[in-house]
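Asker: Input file: model_34.txt. Contents: compact mmCIF, C-alpha atoms and all ligand atoms.
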# COMPACT_ATOMS: atom_id res chain seq x y z
CA MET S 1 -3.63 10.50 -18.82
CA PRO S 2 -4.70 8.14 -21.67
CA ASP S 3 -2.41 10.01 -24.10
CA TYR S 4 0.45 9.82 -21.64
CA LEU S 5 -0.01 6.06 -21.13
CA THR S 6 -0.15 5.47 -24.90
CA GLU S 7 3.01 7.50 -25.34
CA ILE S 8 4.75 5.41 -22.67
CA LEU S 9 3.85 2.20 -24.51
CA HIS S 10 5.30 3.61 -27.73
CA ALA S 11 8.46 4.77 -26.01
CA CYS S 12 9.21 1.64 -23.96
CA GLY S 13 11.67 0.37 -26.54
CA ASP S 14 12.54 -2.98 -28.03
CA ASP S 15 11.55 -6.05 -26.15
CA ALA S 16 14.06 -8.53 -24.80
CA GLY S 17 13.96 -11.65 -22.67
CA ALA S 18 12.05 -14.89 -22.98
CA LEU S 19 8.66 -16.33 -22.12
CA ALA S 20 8.42 -18.52 -19.04
CA ASP S 21 8.56 -22.02 -20.48
CA TYR S 22 8.55 -24.15 -17.33
CA ILE S 23 4.78 -23.76 -17.50
CA PRO S 24 4.17 -25.16 -21.03
CA GLU S 25 0.99 -23.16 -21.62
CA LEU S 26 2.74 -19.86 -20.89
CA ALA S 27 5.30 -20.56 -23.61
CA SER S 28 2.51 -20.30 -26.18
CA ALA S 29 1.36 -16.81 -25.06
CA ASP S 30 1.56 -13.95 -27.57
CA PRO S 31 4.89 -12.34 -26.56
CA ASP S 32 4.06 -8.97 -28.09
CA ARG S 33 1.07 -8.11 -25.95
CA LEU S 34 1.57 -4.85 -24.13
CA ALA S 35 -0.65 -2.92 -21.74
CA VAL S 36 -0.47 -0.37 -18.95
CA CYS S 37 -3.29 0.74 -16.65
CA LEU S 38 -3.58 3.12 -13.75
CA SER S 39 -6.43 3.25 -11.26
CA THR S 40 -6.95 6.11 -8.85
CA ILE S 41 -8.13 5.22 -5.37
CA ASP S 42 -11.50 6.76 -6.17
CA GLY S 43 -12.01 4.42 -9.07
CA THR S 44 -11.00 6.22 -12.27
CA LEU S 45 -9.27 3.75 -14.58
CA TYR S 46 -6.88 4.92 -17.29
CA ARG S 47 -5.67 2.34 -19.78
CA ALA S 48 -3.61 1.85 -22.90
CA GLY S 49 -2.74 -1.13 -25.10
CA ASP S 50 -4.11 -4.65 -24.59
CA SER S 51 -5.66 -3.82 -21.25
CA ASP S 52 -8.53 -6.33 -21.62
CA THR S 53 -6.35 -9.31 -22.56
CA GLU S 54 -6.67 -12.03 -19.94
CA PHE S 55 -3.64 -13.84 -18.55
CA SER S 56 -2.97 -15.94 -15.46
CA ILE S 57 -2.14 -13.89 -12.38
CA GLN S 58 0.71 -16.22 -11.26
CA SER S 59 2.81 -14.76 -8.43
CA ILE S 60 0.79 -11.54 -8.31
CA SER S 61 -1.76 -13.67 -6.44
CA LYS S 62 0.69 -13.98 -3.52
CA PRO S 63 0.04 -10.61 -1.82
CA PHE S 64 -3.73 -11.21 -1.94
CA VAL S 65 -3.56 -14.68 -0.43
CA TYR S 66 -1.19 -13.35 2.24
CA ALA S 67 -3.83 -10.64 2.89
CA LEU S 68 -6.49 -13.34 3.23
CA ALA S 69 -4.41 -15.35 5.70
CA LEU S 70 -3.77 -12.18 7.73
CA ALA S 71 -7.43 -11.16 7.68
CA GLU S 72 -8.55 -14.62 8.77
CA HIS S 73 -5.91 -15.42 11.42
CA GLY S 74 -4.31 -12.14 12.52
CA LEU S 75 -0.74 -10.92 12.22
CA ASP S 76 0.85 -12.89 15.07
CA HIS S 77 -0.47 -16.25 13.91
CA VAL S 78 0.80 -15.64 10.37
CA LEU S 79 4.15 -14.21 11.54
CA ASP S 80 4.73 -17.39 13.57
CA ARG S 81 4.65 -19.33 10.31
CA ILE S 82 5.91 -16.96 7.57
CA GLY S 83 8.67 -14.34 7.93
CA VAL S 84 8.91 -10.87 6.40
CA GLU S 85 12.59 -10.71 5.45
CA PRO S 86 13.76 -10.34 1.85
CA SER S 87 15.38 -13.62 0.82
CA GLY S 88 17.69 -12.29 -1.89
CA GLU S 89 16.98 -15.57 -3.64
CA ALA S 90 15.02 -16.67 -6.69
CA PHE S 91 11.25 -17.04 -6.25
CA ASN S 92 11.34 -20.84 -6.36
CA GLU S 93 14.28 -21.44 -4.02
CA LEU S 94 14.07 -24.39 -1.64
CA SER S 95 14.94 -22.48 1.52
CA LEU S 96 13.76 -21.75 5.03
CA GLU S 97 15.02 -19.42 7.78
CA ARG S 98 17.83 -21.19 9.57
CA ASP S 99 16.55 -21.05 13.16
CA SER S 100 12.81 -20.59 12.93
CA ARG S 101 12.35 -22.91 9.93
CA ARG S 102 9.81 -20.46 8.55
CA PRO S 103 9.71 -19.51 4.87
CA ARG S 104 11.51 -16.15 4.69
CA ASN S 105 8.56 -14.21 3.27
CA PRO S 106 5.17 -14.73 1.60
CA MET S 107 6.29 -13.48 -1.83
CA ILE S 108 8.60 -16.42 -2.62
CA ASN S 109 6.96 -19.75 -3.45
CA ALA S 110 7.82 -21.35 -0.07
CA GLY S 111 6.01 -18.56 1.81
CA ALA S 112 3.19 -18.40 -0.71
CA LEU S 113 2.50 -22.13 -0.41
CA ALA S 114 2.46 -21.71 3.39
CA ALA S 115 0.10 -18.71 3.11
CA HIS S 116 -2.20 -20.69 0.82
CA ALA S 117 -2.32 -23.54 3.35
CA LEU S 118 -3.29 -21.05 6.10
CA VAL S 119 -6.49 -19.98 4.31
CA GLY S 120 -9.66 -21.33 5.93
CA ASP S 121 -9.49 -24.32 8.29
CA PRO S 122 -6.51 -26.69 8.09
CA GLY S 123 -8.90 -29.55 7.25
CA ASP S 124 -10.59 -27.76 4.30
CA ASP S 125 -10.37 -29.55 0.97
CA VAL S 126 -8.58 -28.09 -2.05
CA ASP S 127 -11.76 -26.73 -3.70
CA THR S 128 -12.98 -24.97 -0.55
CA ARG S 129 -9.65 -23.22 -0.10
CA VAL S 130 -9.40 -22.23 -3.77
CA GLU S 131 -12.94 -20.87 -3.67
CA ARG S 132 -12.11 -18.66 -0.67
CA VAL S 133 -9.07 -17.34 -2.53
CA ARG S 134 -11.03 -16.81 -5.76
CA ARG S 135 -13.75 -14.93 -3.88
CA LEU S 136 -11.33 -12.58 -2.13
CA MET S 137 -9.43 -11.84 -5.34
CA SER S 138 -12.76 -11.15 -7.07
CA ASP S 139 -13.61 -8.69 -4.28
CA PHE S 140 -10.29 -6.93 -4.90
CA ALA S 141 -10.95 -6.78 -8.66
CA GLY S 142 -14.62 -5.79 -8.30
CA ARG S 143 -15.73 -8.56 -10.70
CA GLU S 144 -15.96 -12.36 -10.68
CA LEU S 145 -12.62 -13.93 -11.55
CA HIS S 146 -12.18 -17.58 -12.51
CA VAL S 147 -9.47 -20.23 -12.60
CA ASP S 148 -8.07 -20.99 -16.07
CA ARG S 149 -8.09 -24.81 -15.98
CA THR S 150 -5.74 -25.13 -18.98
CA ILE S 151 -3.02 -23.09 -17.29
CA TYR S 152 -3.58 -24.92 -14.00
CA GLU S 153 -3.28 -28.37 -15.59
CA SER S 154 -0.31 -27.28 -17.67
CA GLU S 155 1.59 -26.04 -14.61
CA MET S 156 0.64 -29.14 -12.58
CA SER S 157 2.15 -31.36 -15.28
CA GLN S 158 5.57 -29.87 -14.43
CA ALA S 159 5.15 -28.79 -10.80
CA TYR S 160 8.12 -30.78 -9.49
CA ARG S 161 9.80 -27.79 -7.87
CA ASN S 162 6.68 -26.61 -6.02
CA LEU S 163 5.99 -30.18 -4.88
CA ALA S 164 9.54 -30.33 -3.53
CA ILE S 165 9.02 -27.04 -1.67
CA ALA S 166 5.67 -28.22 -0.26
CA ASN S 167 7.27 -31.49 0.89
CA MET S 168 9.99 -29.49 2.61
CA LEU S 169 7.33 -27.35 4.34
CA ARG S 170 5.46 -30.45 5.48
CA SER S 171 8.61 -32.13 6.79
CA TYR S 172 9.32 -29.08 9.00
CA GLY S 173 5.69 -28.86 10.12
CA VAL S 174 5.03 -25.48 8.44
CA ILE S 175 1.98 -26.97 6.70
CA SER S 176 -0.20 -29.75 8.07
CA GLN S 177 -2.00 -30.75 4.86
CA HIS S 178 -0.78 -33.20 2.24
CA PRO S 179 1.86 -31.34 0.18
CA ARG S 180 0.18 -32.42 -3.08
CA ASP S 181 -3.10 -30.77 -2.02
CA VAL S 182 -1.38 -27.51 -1.15
CA VAL S 183 0.36 -27.43 -4.54
CA HIS S 184 -2.92 -28.17 -6.33
CA GLY S 185 -4.61 -25.31 -4.50
CA TYR S 186 -1.72 -22.88 -4.92
CA THR S 187 -1.40 -23.68 -8.64
CA GLN S 188 -5.09 -22.89 -9.16
CA GLN S 189 -4.59 -19.65 -7.25
CA CYS S 190 -1.78 -18.77 -9.71
CA ALA S 191 -4.02 -19.73 -12.68
CA ILE S 192 -6.75 -17.20 -11.89
CA SER S 193 -7.34 -15.10 -15.02
CA VAL S 194 -7.03 -11.34 -14.83
CA THR S 195 -6.61 -8.37 -17.16
CA THR S 196 -4.19 -5.49 -16.72
CA SER S 197 -7.20 -3.34 -15.74
CA ASP S 198 -8.11 -5.83 -12.99
CA LEU S 199 -4.59 -5.70 -11.60
CA ALA S 200 -4.54 -1.89 -11.53
CA THR S 201 -7.85 -1.91 -9.63
CA MET S 202 -6.57 -4.57 -7.23
CA GLY S 203 -3.46 -2.42 -6.63
CA ALA S 204 -5.64 0.63 -6.00
CA THR S 205 -7.57 -1.37 -3.38
CA LEU S 206 -4.33 -2.04 -1.50
CA ALA S 207 -3.30 1.62 -1.95
CA ALA S 208 -6.65 2.73 -0.50
CA GLY S 209 -6.18 0.80 2.74
CA GLY S 210 -8.28 -2.15 1.56
CA VAL S 211 -11.27 -0.22 0.19
CA GLN S 212 -12.21 -1.34 -3.34
CA PRO S 213 -12.51 1.88 -5.40
CA THR S 214 -15.57 0.96 -7.48
CA THR S 215 -17.65 -1.13 -5.07
CA GLY S 216 -16.61 0.80 -1.95
CA LYS S 217 -16.30 -2.49 -0.06
CA GLN S 218 -13.69 -2.78 2.70
CA VAL S 219 -12.13 -5.95 1.29
CA VAL S 220 -9.47 -6.37 3.98
CA PRO S 221 -8.75 -4.26 7.09
CA GLU S 222 -6.49 -1.24 6.67
CA GLN S 223 -3.75 -2.80 8.84
CA VAL S 224 -3.72 -5.86 6.58
CA ALA S 225 -3.29 -3.70 3.47
CA ARG S 226 -0.39 -1.91 5.16
CA GLN S 227 1.30 -5.19 6.08
CA VAL S 228 0.90 -6.53 2.55
CA LEU S 229 2.28 -3.37 0.93
CA SER S 230 5.24 -3.39 3.32
CA VAL S 231 6.15 -6.95 2.40
CA MET S 232 5.66 -6.18 -1.31
CA MET S 233 8.08 -3.27 -0.92
CA SER S 234 10.85 -5.35 0.63
CA CYS S 235 10.25 -8.75 -1.02
CA GLY S 236 7.93 -8.35 -4.02
CA MET S 237 10.73 -8.39 -6.58
CA TYR S 238 12.65 -11.36 -5.09
CA ASP S 239 16.39 -11.06 -5.74
CA ALA S 240 15.89 -7.72 -7.56
CA ALA S 241 14.08 -6.09 -4.62
CA GLY S 242 16.89 -3.64 -3.80
CA ASP S 243 17.26 -2.55 -7.39
CA TRP S 244 13.51 -2.02 -7.66
CA MET S 245 13.35 -0.09 -4.37
CA THR S 246 16.08 2.34 -5.42
CA THR S 247 15.01 2.92 -9.02
CA VAL S 248 11.21 2.54 -9.07
CA GLY S 249 10.45 2.93 -5.38
CA PHE S 250 6.85 1.78 -4.91
CA PRO S 251 5.53 -1.56 -3.61
CA ALA S 252 5.04 -4.02 -6.45
CA LYS S 253 4.67 -7.68 -7.35
CA SER S 254 5.64 -9.43 -10.55
CA GLY S 255 4.43 -12.69 -12.07
CA VAL S 256 5.92 -15.06 -14.66
CA SER S 257 3.06 -14.53 -17.10
CA GLY S 258 4.38 -10.97 -17.59
CA GLY S 259 2.30 -8.85 -15.26
CA ILE S 260 3.54 -6.34 -12.70
CA LEU S 261 1.21 -4.78 -10.15
CA GLY S 262 2.20 -1.63 -8.28
CA ALA S 263 0.53 0.41 -5.56
CA LEU S 264 1.35 3.83 -4.20
CA PRO S 265 -0.32 4.17 -0.77
CA GLY S 266 -2.98 6.85 -0.70
CA GLN S 267 -2.70 7.56 -4.43
CA LEU S 268 -3.04 4.84 -7.03
CA GLY S 269 -2.72 1.30 -8.27
CA MET S 270 -1.04 0.51 -11.56
CA ALA S 271 -0.30 -2.53 -13.67
CA VAL S 272 1.73 -3.46 -16.73
CA PHE S 273 1.60 -6.55 -18.94
CA SER S 274 4.30 -7.70 -21.36
CA PRO S 275 5.17 -11.42 -21.34
CA ARG S 276 8.92 -11.51 -22.10
CA LEU S 277 10.87 -11.88 -18.84
CA ASP S 278 14.29 -10.98 -17.47
CA SER S 279 16.45 -13.37 -15.46
CA HIS S 280 14.44 -12.70 -12.27
CA GLY S 281 11.21 -13.80 -13.95
CA THR S 282 9.95 -10.21 -14.24
CA SER S 283 8.56 -8.52 -17.35
CA THR S 284 11.39 -6.71 -19.17
CA ARG S 285 9.31 -3.94 -20.71
CA GLY S 286 7.21 -3.88 -17.55
CA VAL S 287 10.24 -2.86 -15.47
CA ARG S 288 11.12 -0.19 -18.01
CA ILE S 289 7.60 1.23 -18.02
CA CYS S 290 7.39 1.29 -14.21
CA THR S 291 10.78 3.00 -13.99
CA ARG S 292 9.68 5.68 -16.41
CA MET S 293 6.30 6.24 -14.75
CA SER S 294 7.91 6.54 -11.35
CA ALA S 295 10.30 9.22 -12.65
CA ASP S 296 7.69 11.13 -14.70
CA MET S 297 5.02 11.09 -12.04
CA GLY S 298 7.12 11.38 -8.87
CA LEU S 299 5.95 8.02 -7.51
CA HIS S 300 9.07 7.05 -5.53
CA ILE S 301 7.92 6.48 -1.99
CA MET S 302 11.17 7.85 -0.52
CA GLN S 303 10.79 11.16 -2.34
CA ALA S 304 10.70 13.73 0.47
CA PRO S 305 7.17 15.17 0.77
CA GLU S 306 6.35 18.89 0.92
CA PRO S 307 8.52 20.52 3.58
CA ALA S 308 6.74 20.95 6.88
CA ARG S 309 7.21 24.74 6.80
CA SER S 310 4.76 25.09 3.90
CA THR S 311 1.90 24.25 6.25
CA VAL S 312 2.57 27.35 8.39
CA ARG S 313 0.74 29.98 6.37
CA ARG S 314 1.27 32.91 8.72
CA ASP S 315 2.62 33.24 12.24
CA ARG S 316 2.46 36.74 13.79
CA THR S 317 2.94 38.21 17.21
CA LEU S 318 0.81 41.28 18.07
CA ARG S 319 0.81 43.68 21.01
CA GLY S 320 -2.51 44.67 22.56
CA PRO S 321 -3.54 48.08 23.95
CA ASP S 322 -2.52 46.91 27.44
CA GLY S 323 0.95 45.79 26.25
CA SER S 324 0.19 42.06 26.43
CA LEU S 325 1.16 39.78 23.53
CA ALA S 326 -1.12 37.84 21.20
CA ARG S 327 0.05 35.29 18.72
CA VAL S 328 -1.93 34.43 15.59
CA CYS S 329 -0.86 31.23 13.93
CA SER S 330 -2.55 30.24 10.64
CA LEU S 331 -1.93 26.76 9.28
CA GLN S 332 -2.87 25.23 5.93
CA GLY S 333 -2.96 21.94 4.04
CA SER S 334 -2.61 18.58 5.73
CA LEU S 335 -1.10 18.64 9.18
CA GLN S 336 1.22 15.85 10.25
CA PHE S 337 3.88 15.46 12.93
CA GLY S 338 6.52 17.57 11.12
CA SER S 339 4.35 20.63 10.56
CA VAL S 340 2.80 20.69 14.03
CA GLU S 341 6.15 20.17 15.74
CA ARG S 342 7.33 23.45 14.17
CA VAL S 343 4.43 25.31 15.73
CA LEU S 344 4.85 23.68 19.15
CA ARG S 345 8.58 24.38 19.20
CA THR S 346 8.15 28.13 18.73
CA VAL S 347 5.18 28.48 21.07
CA THR S 348 7.41 27.91 24.07
CA ASP S 349 10.01 30.44 22.81
CA GLY S 350 10.16 34.05 23.92
CA MET S 351 7.82 36.12 26.03
CA PRO S 352 4.65 34.81 27.64
CA ILE S 353 1.64 35.05 25.38
CA ALA S 354 -1.65 36.32 26.74
CA VAL S 355 -3.69 35.30 23.71
CA PHE S 356 -3.09 32.48 21.27
CA VAL S 357 -5.18 32.30 18.10
CA LEU S 358 -4.97 29.08 16.16
CA ASP S 359 -6.47 29.55 12.71
CA LEU S 360 -7.24 26.25 10.99
CA ARG S 361 -9.63 27.62 8.36
CA ARG S 362 -7.34 26.54 5.51
CA VAL S 363 -6.41 23.18 6.93
CA SER S 364 -7.71 20.27 4.87
CA SER S 365 -6.81 17.39 7.17
CA VAL S 366 -5.12 16.69 10.49
CA ASN S 367 -3.72 13.24 11.19
CA ASP S 368 -4.04 11.61 14.56
CA VAL S 369 -0.68 12.58 16.04
CA ALA S 370 -0.99 16.19 14.82
CA ARG S 371 -4.46 16.41 16.37
CA ARG S 372 -3.21 15.15 19.73
CA MET S 373 -0.22 17.50 19.70
CA LEU S 374 -2.33 20.57 18.89
CA ALA S 375 -4.95 19.69 21.50
CA GLU S 376 -2.24 19.25 24.13
CA MET S 377 -0.62 22.56 23.13
CA LEU S 378 -3.92 24.41 23.53
CA ARG S 379 -4.58 22.72 26.87
CA ARG S 380 -1.17 23.70 28.24
CA LEU S 381 -1.42 27.28 26.97
CA GLN S 382 -4.68 27.57 28.85
CA LEU S 383 -3.15 26.06 31.98
CA ASP S 384 -0.46 28.75 31.71
CA GLY S 385 -3.22 31.35 31.79
CA ALA S 386 -3.45 32.26 28.11
CA ASP S 387 -6.74 32.94 26.34
CA VAL S 388 -6.94 30.49 23.51
CA ALA S 389 -8.97 31.04 20.36
CA LEU S 390 -9.59 28.37 17.83
CA LEU S 391 -10.81 29.23 14.34
CA ASP S 392 -11.96 25.85 13.13
CA PRO S 393 -15.36 26.16 11.46
CA ASP S 394 -15.04 22.73 9.78
CA HIS S 395 -14.02 21.02 13.04
CA VAL S 396 -10.87 19.51 11.51
CA LEU S 397 -9.39 19.25 15.01
CA HIS S 398 -12.38 17.30 16.43
CA LEU S 399 -11.83 18.84 19.84
CA SER S 400 -13.73 17.11 22.58
CA GLU S 401 -14.78 18.86 25.79
CA GLN S 402 -12.22 16.87 27.74
CA ALA S 403 -9.36 17.74 25.42
CA VAL S 404 -9.45 21.49 26.00
CA VAL S 405 -10.81 23.70 28.65
CA ARG S 406 -13.78 25.68 27.35
CA LEU S 407 -12.78 28.40 24.92
CA PRO S 408 -13.70 31.96 25.97
CA GLU S 409 -16.85 33.20 24.20
CA ARG S 410 -15.26 36.32 22.75
CA TRP S 411 -12.63 34.30 20.87
CA THR S 412 -14.67 33.06 17.99
CA SER S 413 -13.31 35.46 15.37
CA LEU S 414 -10.30 37.63 14.73
CA ALA S 415 -12.45 40.71 15.43
CA ALA S 416 -11.46 40.31 19.07
CA LEU S 417 -7.94 41.37 18.06
CA GLU S 418 -8.98 44.90 17.13
CA GLY S 419 -6.59 47.40 18.63
CA TYR S 420 -3.65 44.98 18.52
CA GLU S 421 -0.53 45.97 16.59
CA ARG S 422 2.15 43.97 14.82
CA VAL S 423 5.31 43.52 16.91
N1 LIG E 1 2.93 -20.42 -10.50
C1 LIG E 1 4.28 -19.95 -10.60
C2 LIG E 1 5.18 -20.83 -9.73
O1 LIG E 1 4.79 -21.19 -8.67
C3 LIG E 1 4.36 -18.52 -10.15
C4 LIG E 1 5.77 -17.99 -10.18
C5 LIG E 1 5.86 -16.54 -10.49
O2 LIG E 1 4.97 -15.93 -11.06
N2 LIG E 1 7.01 -15.95 -10.18
O3 LIG E 1 6.26 -21.18 -10.11
Using structure tokens, write down the structure that the file contains.
Ligand code: GLN
Answerer:
Amino acid sequence: MPDYLTEILHACGDDAGALADYIPELASADPDRLAVCLSTIDGTLYRAGDSDTEFSIQSISKPFVYALALAEHGLDHVLDRIGVEPSGEAFNELSLERDSRRPRNPMINAGALAAHALVGDPGDDVDTRVERVRRLMSDFAGRELHVDRTIYESEMSQAYRNLAIANMLRSYGVISQHPRDVVHGYTQQCAISVTTSDLATMGATLAAGGVQPTTGKQVVPEQVARQVLSVMMSCGMYDAAGDWMTTVGFPAKSGVSGGILGALPGQLGMAVFSPRLDSHGTSTRGVRICTRMSADMGLHIMQAPEPARSTVRRDRTLRGPDGSLARVCSLQGSLQFGSVERVLRTVTDGMPIAVFVLDLRRVSSVNDVARRMLAEMLRRLQLDGADVALLDPDHVLHLSEQAVVRLPERWTSLAALEGYERV
């Protein structure tokens, strides 16, 4: 992995684009910095390039503050105030949804300012709110992060656009605080210093359903992580969201300091840093690196997973000495709706079965719907008079007494099928 990441940095080509200069301090950043990091959801961090260089998180803070608002107030409360539709507009557009007057989503500045204002109690002062945000982002990173005052003051000196957006939000009643306070808090949120390694770890925490890979702490509930990743997928790249979805294909968020954070649910978090930006305010080399990694490593979320049939290891019908039929169905891997549906569909085909053996010895996991479907299948087979045998020494099916009628004693191994012949 480290060799691969180094090779990607060498191969990412000439840089193009410009530094963000509407924040004066960002215009003085070293434009040639380059880093890529990948964190697995069990906490292994691979890195290459300037992975320990600190820079301000900027818009990559938005998903985390949205997560905080969701964790504190619940989905409905937040949805009443901030939408989830891609805006197709630049990140700093002065716009609201026509009828609801909500900001379209929490990834553009209008929605991010509204999400920031939701943190804590409406009457909290700027410092209290910023401290809550700083603490949560530190929990995501697994280390104490801090606000870079120089960046914060530099952005505040030119924050006319964000002040305009905050005034618009206040005039429509989306925020109740003084617009100036919300911009001060939000700008500090954007000025929190991170490294590329931090961002990869923060992405891995989202990918792991909110569990921080190194500390093991459940930083936000699983449902919150899912909501945040969904909004990142559809809105994280602003007016380039469709392009990103089709070419790179994993949830991500960019920031004007040159970072991009990505997360592939259940697998990994990754981050890139290269300060020169394209016209959307996204790192030019960062996009190129993410595109290449997605292709090389099969990270596109719409890539069809393993076909369901590969989980049916063997499915045989046997005839017993008395002429009755037994079916032995052996499954493997992780069972989900698609694989279990195949089994259920064929169970009701053909001649009545006197014995059904379900062999789960090679199954590694069963998700909730697959578990319910299999339990219901076994229950109905028994109601139809079949003897049902379950080979599940590791209890992957978690069958409760209520879910199935008691299994006959003799059906605890395949030895009971002696004398049966293949049909
Ligand atoms: N602090 C920046 C702003 O509000 C963040 C923008 C960004 O990273 N896209 O303008």
Asker: Please find the residues contacting ligand LIG 1 (chain E) at a distance of at most 6 Å between atoms, with only C-alpha atoms and all ligand atoms counted, and report them as an mmCIF file with C-alpha atoms, in the frame of the given file.
Answerer:
data_model
loop_
_atom_site.group_PDB
_atom_site.id
_atom_site.type_symbol
_atom_site.label_atom_id
_atom_site.label_comp_id
_atom_site.auth_asym_id
_atom_site.auth_seq_id
_atom_site.Cartn_x
_atom_site.Cartn_y
_atom_site.Cartn_z
ATOM 1 C CA GLN S 58 0.710 -16.220 -11.260
ATOM 2 C CA SER S 59 2.810 -14.760 -8.430
ATOM 3 C CA PHE S 91 11.250 -17.040 -6.250
ATOM 4 C CA ASN S 109 6.960 -19.750 -3.450
ATOM 5 C CA THR S 187 -1.400 -23.680 -8.640
ATOM 6 C CA CYS S 190 -1.780 -18.770 -9.710
ATOM 7 C CA GLY S 255 4.430 -12.690 -12.070
ATOM 8 C CA VAL S 256 5.920 -15.060 -14.660
#
Asker: Which residues are close to stretch 213-224 of chain S, i.e. within 10 Å by only C-alpha atoms, leaving aside same-chain residues fewer than 5 positions away? Reply as number ranges by chain.
Answerer: S: 39-45, 64, 66-72, 74-75, 136-143, 201-202, 204-208, 229-230
Asker: Would you mind telling me which residue in S:Ala252, S:Leu331, S:Ile301, S:Ala27 lies nearest to S:Gly286 when using all atoms listed in the file?
Answerer: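 Between S:Ala252, S:Leu331, S:Ile301, S:Ala27, the residue approaching S:Gly286 most closely is S:Ala252.
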Asker: Contacts of stretch 306-315 of chain S at 12 Å or less, counting all atoms listed in the file, minus same-chain residues fewer than 5 places along, as a PyMOL selection string?
Answerer: chain S and resi 326-344+346-347+356-366+422-423
Asker: For the residues in the current selection, export C-alpha atoms as a PDB file, in the frame of the given file.
Answerer:
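As a result, result.pdb now contains:
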ATOM      1  CA  ALA S 326      -1.120  37.840  21.200  1.00  0.00           C
ATOM      2  CA  ARG S 327       0.050  35.290  18.720  1.00  0.00           C
ATOM      3  CA  VAL S 328      -1.930  34.430  15.590  1.00  0.00           C
ATOM      4  CA  CYS S 329      -0.860  31.230  13.930  1.00  0.00           C
ATOM      5  CA  SER S 330      -2.550  30.240  10.640  1.00  0.00           C
ATOM      6  CA  LEU S 331      -1.930  26.760   9.280  1.00  0.00           C
ATOM      7  CA  GLN S 332      -2.870  25.230   5.930  1.00  0.00           C
ATOM      8  CA  GLY S 333      -2.960  21.940   4.040  1.00  0.00           C
ATOM      9  CA  SER S 334      -2.610  18.580   5.730  1.00  0.00           C
ATOM     10  CA  LEU S 335      -1.100  18.640   9.180  1.00  0.00           C
ATOM     11  CA  GLN S 336       1.220  15.850  10.250  1.00  0.00           C
ATOM     12  CA  PHE S 337       3.880  15.460  12.930  1.00  0.00           C
ATOM     13  CA  GLY S 338       6.520  17.570  11.120  1.00  0.00           C
ATOM     14  CA  SER S 339       4.350  20.630  10.560  1.00  0.00           C
ATOM     15  CA  VAL S 340       2.800  20.690  14.030  1.00  0.00           C
ATOM     16  CA  GLU S 341       6.150  20.170  15.740  1.00  0.00           C
ATOM     17  CA  ARG S 342       7.330  23.450  14.170  1.00  0.00           C
ATOM     18  CA  VAL S 343       4.430  25.310  15.730  1.00  0.00           C
ATOM     19  CA  LEU S 344       4.850  23.680  19.150  1.00  0.00           C
ATOM     20  CA  THR S 346       8.150  28.130  18.730  1.00  0.00           C
ATOM     21  CA  VAL S 347       5.180  28.480  21.070  1.00  0.00           C
ATOM     22  CA  PHE S 356      -3.090  32.480  21.270  1.00  0.00           C
ATOM     23  CA  VAL S 357      -5.180  32.300  18.100  1.00  0.00           C
ATOM     24  CA  LEU S 358      -4.970  29.080  16.160  1.00  0.00           C
ATOM     25  CA  ASP S 359      -6.470  29.550  12.710  1.00  0.00           C
ATOM     26  CA  LEU S 360      -7.240  26.250  10.990  1.00  0.00           C
ATOM     27  CA  ARG S 361      -9.630  27.620   8.360  1.00  0.00           C
ATOM     28  CA  ARG S 362      -7.340  26.540   5.510  1.00  0.00           C
ATOM     29  CA  VAL S 363      -6.410  23.180   6.930  1.00  0.00           C
ATOM     30  CA  SER S 364      -7.710  20.270   4.870  1.00  0.00           C
ATOM     31  CA  SER S 365      -6.810  17.390   7.170  1.00  0.00           C
ATOM     32  CA  VAL S 366      -5.120  16.690  10.490  1.00  0.00           C
ATOM     33  CA  ARG S 422       2.150  43.970  14.820  1.00  0.00           C
ATOM     34  CA  VAL S 423       5.310  43.520  16.910  1.00  0.00           C
TER      35      VAL S 423
END
Asker: When you draw a straight line from atom CA of S:Met293 to atom CA of S:Met270, how long is it in Å?
Answerer: 9.8 Å
Asker: Counting all atoms listed in the file, what is within 12 Å of S:Asp30, bar same-chain residues fewer than 2 positions away, as a list in words?
Answerer: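 What passes the distance filter is Ala18, Leu19, Ala20, Glu25, Leu26, Ala27, Ser28, Asp32, Arg33, Leu34, Asp50, Thr53, Glu54, Phe55, Ser257, Gly258, Phe273, Ser274, Pro275 and Arg276 of chain S.
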